[in-house]
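Q: The structure that follows is given in the form of structure tokens.
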Amino acid sequence: MDDFHEAAAMSRRELLIAGAASTAVVGGTAAPAAHAATPELPSATLTLTVNGTPRTLAVDHRTSLLDLLREHLQLTGTKKGCDHGQCGACTVLLDGRRINSCLTLAVMHEGAQVTTIEGLGSPEKLHPLQAAFVRHDGYQCGYCTPGQVCSAVGALDELQRGVPSHVTADLTARPLLSADELRERLSGNLCRCGAYSNIIDAVGEVAGVKP
Ligand code: FES
Ligand code: FES
């Protein structure tokens, strides 16, 4: 081998050694250094009153109200259907108004009052809407039912407060207690079992409307 080719072979060997060494650093000492630099997840301590009981918890800022209820407080009556605000399975009452709990962050609700299906009634003393669902056979698998009942509680309260809906003919008058109003107001709650006609019968009975 002449001088030129010997020098080229040497530098190729050095290059390979240097490459192997840097790979070892990435796989060894460099990786823990990068891990150590990972910032702490932002978290906050908040207090909410859930079903009448004050609860103080430390949560990651990204925790939805739904996950706080189900994962942190083990209140699994509230269901996760789509986790995207499309099915209503996660409906709870927040300061008396219905809300899709999957679409809101828990940290936004310091000091709020949350009512879930567990807080509406008990097996011994059902809420009138829960009792009506039983009487009218308003559920099959029951997955959507907690959200349907919480939504119906909120919808009847909206009607009482005179809040108009998409089908209210006169926005300046008190909305009529009609089957159309009930159907429209509950249309955000989907039921995969298709128990809709019995659900509307149950809510109609409590509202005093003949669907
Ligand atoms: S789980 Fe919240 S709307 Fe479907
Ligand atoms: S009763 Fe099964 S999803 Fe509604």
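How things are named: the first chain in the structure tokens is A, the next is B, and so on; residues count from 1 in each chain; ligands count from 1 in the order shown.
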Using only C-alpha atoms and all ligand atoms, find each residue of chain A with at least one atom at most 9 Å away from an atom of ligand 2; report its shortest atom-to-atom pair and that distance in Å (one decimal), sort the rows by chain and rising residue number, and return the result as JSON lines.
A:
{"residue": "A:Ala89", "atom": "CA", "partner": "ligand 2", "partner_atom_place_in_ligand_line": "3 (S)", "distance": 8.6}
{"residue": "A:Gly138", "atom": "CA", "partner": "ligand 2", "partner_atom_place_in_ligand_line": "1 (S)", "distance": 7.2}
{"residue": "A:Tyr139", "atom": "CA", "partner": "ligand 2", "partner_atom_place_in_ligand_line": "1 (S)", "distance": 4.0}
{"residue": "A:Gln140", "atom": "CA", "partner": "ligand 2", "partner_atom_place_in_ligand_line": "1 (S)", "distance": 4.0}
{"residue": "A:Cys141", "atom": "CA", "partner": "ligand 2", "partner_atom_place_in_ligand_line": "2 (Fe)", "distance": 3.9}
{"residue": "A:Gly142", "atom": "CA", "partner": "ligand 2", "partner_atom_place_in_ligand_line": "1 (S)", "distance": 4.1}
{"residue": "A:Tyr143", "atom": "CA", "partner": "ligand 2", "partner_atom_place_in_ligand_line": "3 (S)", "distance": 4.8}
{"residue": "A:Cys144", "atom": "CA", "partner": "ligand 2", "partner_atom_place_in_ligand_line": "4 (Fe)", "distance": 4.3}
{"residue": "A:Thr145", "atom": "CA", "partner": "ligand 2", "partner_atom_place_in_ligand_line": "4 (Fe)", "distance": 5.9}
{"residue": "A:Gln148", "atom": "CA", "partner": "ligand 2", "partner_atom_place_in_ligand_line": "4 (Fe)", "distance": 8.3}
{"residue": "A:Asn189", "atom": "CA", "partner": "ligand 2", "partner_atom_place_in_ligand_line": "4 (Fe)", "distance": 8.9}
{"residue": "A:Leu190", "atom": "CA", "partner": "ligand 2", "partner_atom_place_in_ligand_line": "4 (Fe)", "distance": 7.0}
{"residue": "A:Cys191", "atom": "CA", "partner": "ligand 2", "partner_atom_place_in_ligand_line": "4 (Fe)", "distance": 3.6}
{"residue": "A:Arg192", "atom": "CA", "partner": "ligand 2", "partner_atom_place_in_ligand_line": "3 (S)", "distance": 4.0}
{"residue": "A:Cys193", "atom": "CA", "partner": "ligand 2", "partner_atom_place_in_ligand_line": "2 (Fe)", "distance": 4.2}
{"residue": "A:Gly194", "atom": "CA", "partner": "ligand 2", "partner_atom_place_in_ligand_line": "4 (Fe)", "distance": 6.3}
{"residue": "A:Ala195", "atom": "CA", "partner": "ligand 2", "partner_atom_place_in_ligand_line": "1 (S)", "distance": 5.9}
{"residue": "A:Tyr196", "atom": "CA", "partner": "ligand 2", "partner_atom_place_in_ligand_line": "4 (Fe)", "distance": 8.1}
Q: Residues within 9 Å of ligand 1, counting only C-alpha atoms and all ligand atoms: report them as number ranges by chain.
A: A: 66, 78-91, 99-103, 188-190
Q: Determine which residues of chain A receive a DSSP assignment of helix (DSSP H, G or I), computed from the backbone, and state them as a ChimeraX atom specification.
A: /A:3-36,65-72,101-103,106-109,117-120,128-135,145-161,179-185,196-207
Q: Determine the nearest neighbour of A:His61 from the options A:Leu41, A:Ala173, A:Ala202, A:Ala155, counting only C-alpha atoms.
A: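 Smallest separation from A:His61 among the options: A:Leu41.
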Q: If you run DSSP on the backbone here, which positions in stretch 65-129 of chain A get strand (DSSP E or B)? Please write them as an MDAnalysis selection string.
A: chainID A and resid 91:94 97:100 105 113:115
Q: Mind writing the picked residues with C-alpha atoms as a compact mmCIF listing (two decimals), in the first residue's frame?
A:
# COMPACT_ATOMS: atom_id res chain seq x y z
CA THR A 91 -72.67 14.55 30.80
CA VAL A 92 -72.60 15.84 34.39
CA LEU A 93 -73.98 18.95 36.07
CA LEU A 94 -71.45 21.70 36.74
CA ARG A 97 -75.75 23.18 34.24
CA ARG A 98 -75.12 20.18 32.05
CA ILE A 99 -71.72 19.88 30.46
CA ASN A 100 -69.75 17.29 28.48
CA LEU A 105 -60.22 20.64 31.94
CA GLN A 113 -70.11 22.15 42.38
CA VAL A 114 -70.23 18.95 40.32
CA THR A 115 -73.13 16.52 40.37
Q: Using only C-alpha atoms, which of A:Asp180, A:His109, A:Val206, A:Thr76 sits nearest A:Thr45?
A: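 Distance minimum relative to A:Thr45 lands on A:His109.
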Q: Looking at only C-alpha atoms, which of A:Thr56, A:Ser165, A:Ser64, A:Asn198 is the one that sits closest to A:Ala132?
A: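 Closest to A:Ala132 of all the choices is A:Asn198.
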